[in-house]
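See structure below.
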Amino acid sequence: MPVARTQSDTYDGWWWLGVHGGAGVTTLAQAVPGGRDAGRAWPVSARSQQVVLVARSSASGIAAAQNAARQWASGMVTGVDLLGLVVVADAPGRRPRVLQDSVRLVSGAVPRLWEIPWVEPWRLGAPPVQNLPKQCVPLVRDLTRLTQPMSPPM
């Protein structure tokens, strides 16, 4: 369960918040440059911080994502601009229906959902940025668009 902590600096990119150990934050940070690992804690700063939740598609991973989404939605977490949730496959093949239904349920509590399939080369230690599955394209595109500094009105 994520908890609040104070960041010593202000960061202009986004934070990857792994909602449980082994969620896939390190791999995503290598595959999609621009984000930092929040260390399983909500970032706290003098100004709003952009956050992407990360969870595995296991039952416990989805439950942890649901808990984090509840914390954010309840107002318990302040100063966070939640961009969405990345669900990283916990195994190759099709996700069991009960887990797919759970992901669909949690997706209603977050602004966006990105689903990343099982990537065997990642498991074998291949560089994530060189083995980016096509399902990562919307994640990269959306994060690039969502985290661009706003131009001042003319």
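Chain labels follow the order of the structure tokens: the first chain is A, the next B, and so on; residue numbering restarts at 1 in every chain, and ligands are counted from 1 in their shown order.
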Sorted by chain and rising residue number, which residues of stretch 6-110 of chain A lie within 9 Å of stretch 140-146 of chain A, and what are their closest atom pairs and distances in Å to one decimal, counting only C-alpha atoms, as CSV?
```
residue,atom,partner,partner_atom,distance
A:Trp14,CA,A:Leu143,CA,8.3
A:Val32,CA,A:Val140,CA,6.3
A:Pro33,CA,A:Val140,CA,8.8
A:Gly34,CA,A:Thr144,CA,8.5
A:Leu83,CA,A:Leu146,CA,7.8
```
Determine, counting only C-alpha atoms, which protein, DNA and RNA residues have an atom within 12 Å of an atom of stretch 118-120 of chain A; residues of the same chain fewer than 3 positions away are not included. Present the result as a PyMOL selection string. chain A and resi 24+27-28+31+56-57+87-95+115+123-136
Since we have the selection now, will you write its residues out, keeping N, CA and C atoms, as an mmCIF file, in the first residue's frame?
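The result, written out as part-v1.cif:
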```
data_model
loop_
_atom_site.group_PDB
_atom_site.id
_atom_site.type_symbol
_atom_site.label_atom_id
_atom_site.label_comp_id
_atom_site.auth_asym_id
_atom_site.auth_seq_id
_atom_site.Cartn_x
_atom_site.Cartn_y
_atom_site.Cartn_z
ATOM 1 N N GLY A 24 7.011 -3.846 -11.727
ATOM 2 C CA GLY A 24 7.569 -3.614 -13.058
ATOM 3 C C GLY A 24 8.059 -2.197 -13.276
ATOM 4 N N THR A 27 11.602 -1.812 -15.006
ATOM 5 C CA THR A 27 11.550 -2.123 -16.432
ATOM 6 C C THR A 27 10.856 -1.005 -17.199
ATOM 7 N N LEU A 28 9.738 -0.509 -16.686
ATOM 8 C CA LEU A 28 9.032 0.576 -17.369
ATOM 9 C C LEU A 28 9.876 1.844 -17.423
ATOM 10 N N ALA A 31 12.149 1.326 -20.233
ATOM 11 C CA ALA A 31 11.457 1.236 -21.521
ATOM 12 C C ALA A 31 10.867 2.567 -21.964
ATOM 13 N N ARG A 56 1.194 -5.462 -11.291
ATOM 14 C CA ARG A 56 1.145 -6.704 -12.060
ATOM 15 C C ARG A 56 -0.310 -7.126 -12.176
ATOM 16 N N SER A 57 -0.577 -7.996 -13.135
ATOM 17 C CA SER A 57 -1.960 -8.422 -13.381
ATOM 18 C C SER A 57 -2.375 -9.616 -12.526
ATOM 19 N N VAL A 87 -0.965 -1.772 -16.067
ATOM 20 C CA VAL A 87 -1.049 -3.156 -15.601
ATOM 21 C C VAL A 87 -0.104 -3.977 -16.467
ATOM 22 N N VAL A 88 0.904 -4.565 -15.817
ATOM 23 C CA VAL A 88 1.929 -5.342 -16.497
ATOM 24 C C VAL A 88 1.592 -6.825 -16.329
ATOM 25 N N ALA A 89 1.551 -7.550 -17.435
ATOM 26 C CA ALA A 89 1.206 -8.978 -17.383
ATOM 27 C C ALA A 89 2.134 -9.719 -16.430
ATOM 28 N N ASP A 90 1.551 -10.587 -15.622
ATOM 29 C CA ASP A 90 2.334 -11.375 -14.666
ATOM 30 C C ASP A 90 2.694 -12.751 -15.213
ATOM 31 N N ALA A 91 2.177 -13.082 -16.375
ATOM 32 C CA ALA A 91 2.448 -14.385 -16.990
ATOM 33 C C ALA A 91 2.131 -14.293 -18.485
ATOM 34 N N PRO A 92 2.724 -15.184 -19.277
ATOM 35 C CA PRO A 92 2.381 -15.186 -20.706
ATOM 36 C C PRO A 92 0.975 -15.720 -20.923
ATOM 37 N N GLY A 93 0.409 -15.393 -22.068
ATOM 38 C CA GLY A 93 -0.908 -15.919 -22.429
ATOM 39 C C GLY A 93 -2.051 -15.027 -21.962
ATOM 40 N N ARG A 94 -3.243 -15.558 -22.183
ATOM 41 C CA ARG A 94 -4.463 -14.828 -21.821
ATOM 42 C C ARG A 94 -4.637 -14.733 -20.321
ATOM 43 N N ARG A 95 -5.104 -13.600 -19.891
ATOM 44 C CA ARG A 95 -5.406 -13.387 -18.479
ATOM 45 C C ARG A 95 -6.718 -14.092 -18.151
ATOM 46 N N GLU A 115 -2.288 -1.404 -20.647
ATOM 47 C CA GLU A 115 -1.978 -2.797 -20.353
ATOM 48 C C GLU A 115 -0.764 -3.223 -21.161
ATOM 49 N N ARG A 123 12.103 -10.620 -19.596
ATOM 50 C CA ARG A 123 12.340 -11.629 -18.566
ATOM 51 C C ARG A 123 13.759 -12.180 -18.666
ATOM 52 N N LEU A 124 14.269 -12.253 -19.877
ATOM 53 C CA LEU A 124 15.600 -12.815 -20.116
ATOM 54 C C LEU A 124 16.714 -11.775 -20.010
ATOM 55 N N GLY A 125 16.352 -10.543 -19.648
ATOM 56 C CA GLY A 125 17.349 -9.508 -19.409
ATOM 57 C C GLY A 125 17.655 -8.599 -20.578
ATOM 58 N N ALA A 126 16.909 -8.712 -21.665
ATOM 59 C CA ALA A 126 17.132 -7.830 -22.817
ATOM 60 C C ALA A 126 16.740 -6.399 -22.452
ATOM 61 N N PRO A 127 17.443 -5.409 -23.003
ATOM 62 C CA PRO A 127 17.116 -4.008 -22.697
ATOM 63 C C PRO A 127 15.664 -3.686 -23.078
ATOM 64 N N PRO A 128 14.874 -3.210 -22.127
ATOM 65 C CA PRO A 128 13.464 -2.923 -22.408
ATOM 66 C C PRO A 128 13.239 -1.941 -23.551
ATOM 67 N N VAL A 129 14.058 -0.900 -23.641
ATOM 68 C CA VAL A 129 13.848 0.103 -24.677
ATOM 69 C C VAL A 129 14.072 -0.481 -26.079
ATOM 70 N N GLN A 130 14.866 -1.540 -26.197
ATOM 71 C CA GLN A 130 15.115 -2.173 -27.490
ATOM 72 C C GLN A 130 14.109 -3.270 -27.801
ATOM 73 N N ASN A 131 13.280 -3.621 -26.842
ATOM 74 C CA ASN A 131 12.298 -4.695 -27.013
ATOM 75 C C ASN A 131 10.922 -4.215 -26.580
ATOM 76 N N LEU A 132 10.533 -3.079 -27.093
ATOM 77 C CA LEU A 132 9.278 -2.454 -26.720
ATOM 78 C C LEU A 132 8.130 -3.052 -27.529
ATOM 79 N N PRO A 133 7.165 -3.697 -26.862
ATOM 80 C CA PRO A 133 6.039 -4.250 -27.621
ATOM 81 C C PRO A 133 5.141 -3.127 -28.145
ATOM 82 N N LYS A 134 4.402 -3.425 -29.208
ATOM 83 C CA LYS A 134 3.529 -2.399 -29.810
ATOM 84 C C LYS A 134 2.490 -1.887 -28.819
ATOM 85 N N GLN A 135 2.155 -2.680 -27.791
ATOM 86 C CA GLN A 135 1.182 -2.239 -26.794
ATOM 87 C C GLN A 135 1.722 -1.102 -25.928
ATOM 88 N N CYS A 136 3.036 -0.854 -25.985
ATOM 89 C CA CYS A 136 3.629 0.261 -25.234
ATOM 90 C C CYS A 136 3.490 1.594 -25.973
#
```
Find the residues around A:Trp42 up to 12 Å (only C-alpha atoms counted), leave out those fewer than 6 positions away in its own chain, and share them as a PyMOL selection string. chain A and resi 1-7+14-19+48-53+68-69+71-72+76-82
Now that the selection is made, can you save its residues with N, CA and C atoms as a short mmCIF file (atom, residue, chain, number, x, y, z; two decimals), in the first residue's frame?
```cif
data_model
loop_
_atom_site.label_atom_id
_atom_site.label_comp_id
_atom_site.auth_asym_id
_atom_site.auth_seq_id
_atom_site.Cartn_x
_atom_site.Cartn_y
_atom_site.Cartn_z
N MET A 1 0.84 -1.18 0.00
CA MET A 1 0.00 0.00 0.00
C MET A 1 0.88 1.24 0.00
N PRO A 2 0.71 2.14 -0.97
CA PRO A 2 1.52 3.35 -1.00
C PRO A 2 1.24 4.24 0.21
N VAL A 3 2.28 4.90 0.67
CA VAL A 3 2.16 5.85 1.77
C VAL A 3 2.81 7.15 1.32
N ALA A 4 2.44 8.25 1.97
CA ALA A 4 3.02 9.54 1.60
C ALA A 4 4.45 9.65 2.10
N ARG A 5 5.25 10.36 1.35
CA ARG A 5 6.60 10.68 1.79
C ARG A 5 6.99 12.02 1.17
N THR A 6 7.96 12.65 1.71
CA THR A 6 8.40 13.94 1.21
C THR A 6 9.52 13.74 0.21
N GLN A 7 9.40 14.38 -0.91
CA GLN A 7 10.47 14.38 -1.91
C GLN A 7 11.38 15.56 -1.60
N TRP A 14 7.15 12.54 -14.67
CA TRP A 14 6.15 11.83 -13.89
C TRP A 14 6.84 10.83 -12.98
N TRP A 15 6.11 10.37 -11.99
CA TRP A 15 6.58 9.36 -11.06
C TRP A 15 5.90 8.04 -11.38
N TRP A 16 6.68 6.96 -11.44
CA TRP A 16 6.14 5.60 -11.53
C TRP A 16 5.94 5.15 -10.08
N LEU A 17 4.72 4.86 -9.69
CA LEU A 17 4.47 4.40 -8.34
C LEU A 17 4.08 2.93 -8.37
N GLY A 18 5.01 2.07 -8.02
CA GLY A 18 4.71 0.64 -7.93
C GLY A 18 3.85 0.40 -6.70
N VAL A 19 2.67 -0.14 -6.89
CA VAL A 19 1.75 -0.30 -5.77
C VAL A 19 2.05 -1.56 -4.95
N SER A 48 2.02 20.18 -7.38
CA SER A 48 1.42 18.91 -7.80
C SER A 48 2.42 18.06 -8.58
N GLN A 49 2.40 16.75 -8.32
CA GLN A 49 3.28 15.81 -8.99
C GLN A 49 2.45 14.84 -9.83
N GLN A 50 2.92 14.54 -11.02
CA GLN A 50 2.23 13.61 -11.90
C GLN A 50 2.67 12.18 -11.56
N VAL A 51 1.68 11.29 -11.43
CA VAL A 51 1.95 9.92 -10.98
C VAL A 51 1.25 8.92 -11.90
N VAL A 52 1.97 7.83 -12.19
CA VAL A 52 1.41 6.69 -12.90
C VAL A 52 1.53 5.49 -11.97
N LEU A 53 0.40 4.88 -11.63
CA LEU A 53 0.41 3.67 -10.83
C LEU A 53 0.86 2.50 -11.68
N ALA A 68 -4.68 1.66 -3.98
CA ALA A 68 -4.04 2.94 -4.29
C ALA A 68 -5.03 3.89 -4.97
N ALA A 69 -5.84 3.37 -5.87
CA ALA A 69 -6.85 4.21 -6.54
C ALA A 69 -7.86 4.75 -5.53
N GLN A 71 -7.22 5.35 -2.32
CA GLN A 71 -6.52 6.40 -1.56
C GLN A 71 -6.58 7.72 -2.31
N TRP A 72 -6.27 7.66 -3.60
CA TRP A 72 -6.26 8.87 -4.41
C TRP A 72 -7.66 9.47 -4.54
N MET A 76 -7.37 11.32 0.24
CA MET A 76 -6.35 11.02 1.25
C MET A 76 -4.96 11.44 0.76
N VAL A 77 -4.79 11.45 -0.55
CA VAL A 77 -3.53 11.84 -1.17
C VAL A 77 -3.74 13.20 -1.83
N THR A 78 -2.94 14.17 -1.45
CA THR A 78 -3.07 15.51 -2.04
C THR A 78 -1.83 15.83 -2.86
N GLY A 79 -1.97 16.77 -3.76
CA GLY A 79 -0.84 17.21 -4.56
C GLY A 79 -0.41 16.20 -5.60
N VAL A 80 -1.33 15.33 -6.02
CA VAL A 80 -1.01 14.31 -7.01
C VAL A 80 -1.97 14.44 -8.19
N ASP A 81 -1.39 14.51 -9.37
CA ASP A 81 -2.15 14.47 -10.61
C ASP A 81 -2.00 13.04 -11.12
N LEU A 82 -2.98 12.19 -10.85
CA LEU A 82 -2.90 10.79 -11.25
C LEU A 82 -3.16 10.68 -12.74
#
```
DSSP on the backbone: what in stretch 17-84 of chain A comes out alpha helix (DSSP H), as a PDB file with C-alpha atoms, in the first residue's frame?
```
ATOM      1  CA  VAL A  25       8.593  -0.029 -12.322  1.00  0.00           C
ATOM      2  CA  THR A  26      12.298  -0.557 -13.054  1.00  0.00           C
ATOM      3  CA  THR A  27      11.550  -2.123 -16.432  1.00  0.00           C
ATOM      4  CA  LEU A  28       9.032   0.576 -17.369  1.00  0.00           C
ATOM      5  CA  ALA A  29      11.462   3.319 -16.344  1.00  0.00           C
ATOM      6  CA  GLN A  30      14.006   1.819 -18.753  1.00  0.00           C
ATOM      7  CA  ALA A  31      11.457   1.236 -21.521  1.00  0.00           C
ATOM      8  CA  ALA A  59      -4.918 -10.929  -8.039  1.00  0.00           C
ATOM      9  CA  SER A  60      -2.740  -9.328  -5.358  1.00  0.00           C
ATOM     10  CA  GLY A  61      -1.344  -6.766  -7.811  1.00  0.00           C
ATOM     11  CA  ILE A  62      -4.796  -5.710  -8.959  1.00  0.00           C
ATOM     12  CA  ALA A  63      -6.002  -5.495  -5.338  1.00  0.00           C
ATOM     13  CA  ALA A  64      -3.026  -3.247  -4.516  1.00  0.00           C
ATOM     14  CA  ALA A  65      -3.869  -1.032  -7.514  1.00  0.00           C
ATOM     15  CA  GLN A  66      -7.466  -0.825  -6.337  1.00  0.00           C
ATOM     16  CA  ASN A  67      -6.301   0.218  -2.878  1.00  0.00           C
ATOM     17  CA  ALA A  68      -4.038   2.937  -4.293  1.00  0.00           C
ATOM     18  CA  ALA A  69      -6.848   4.209  -6.544  1.00  0.00           C
ATOM     19  CA  ARG A  70      -9.128   4.387  -3.488  1.00  0.00           C
ATOM     20  CA  GLN A  71      -6.525   6.398  -1.559  1.00  0.00           C
ATOM     21  CA  TRP A  72      -6.264   8.875  -4.413  1.00  0.00           C
ATOM     22  CA  ALA A  73     -10.008   9.116  -5.075  1.00  0.00           C
TER      23      ALA A  73
END
```
Atomic distance atom CA of A:Arg104 - atom CA of A:Val86, expressed in Å with one decimal: 12.3 Å
Measuring between only C-alpha atoms, which one of A:Gly84, A:Gly21, A:Gly35, A:Gly13 shows the shortest distance to A:Arg112? A:Gly84
Using only C-alpha atoms: which of A:Asp37, A:Ser58, A:Pro43, A:Trp122 has the shortest distance to A:Asp101: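 The answer is A:Ser58, which sits nearest to A:Asp101.
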Closest of A:Leu85, A:Val98, A:Ala55, A:Val110 to A:Leu139 - atom-to-atom distances counting only C-alpha atoms: A:Leu85
List every residue of stretch 85-122 of chain A that DSSP, applied to the backbone, labels as strand (DSSP E), and write the result as a PyMOL selection string. chain A and resi 85-88+113-116
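As for atom CA of A:Ala23 and atom CA of A:Val54, they are spaced 5.9 Å apart.
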So how far away is atom CA of A:Gly22 from atom CA of A:Ala41, in Å?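 Result for atom CA of A:Ala41 versus atom CA of A:Gly22: 14.2 Å, one decimal.
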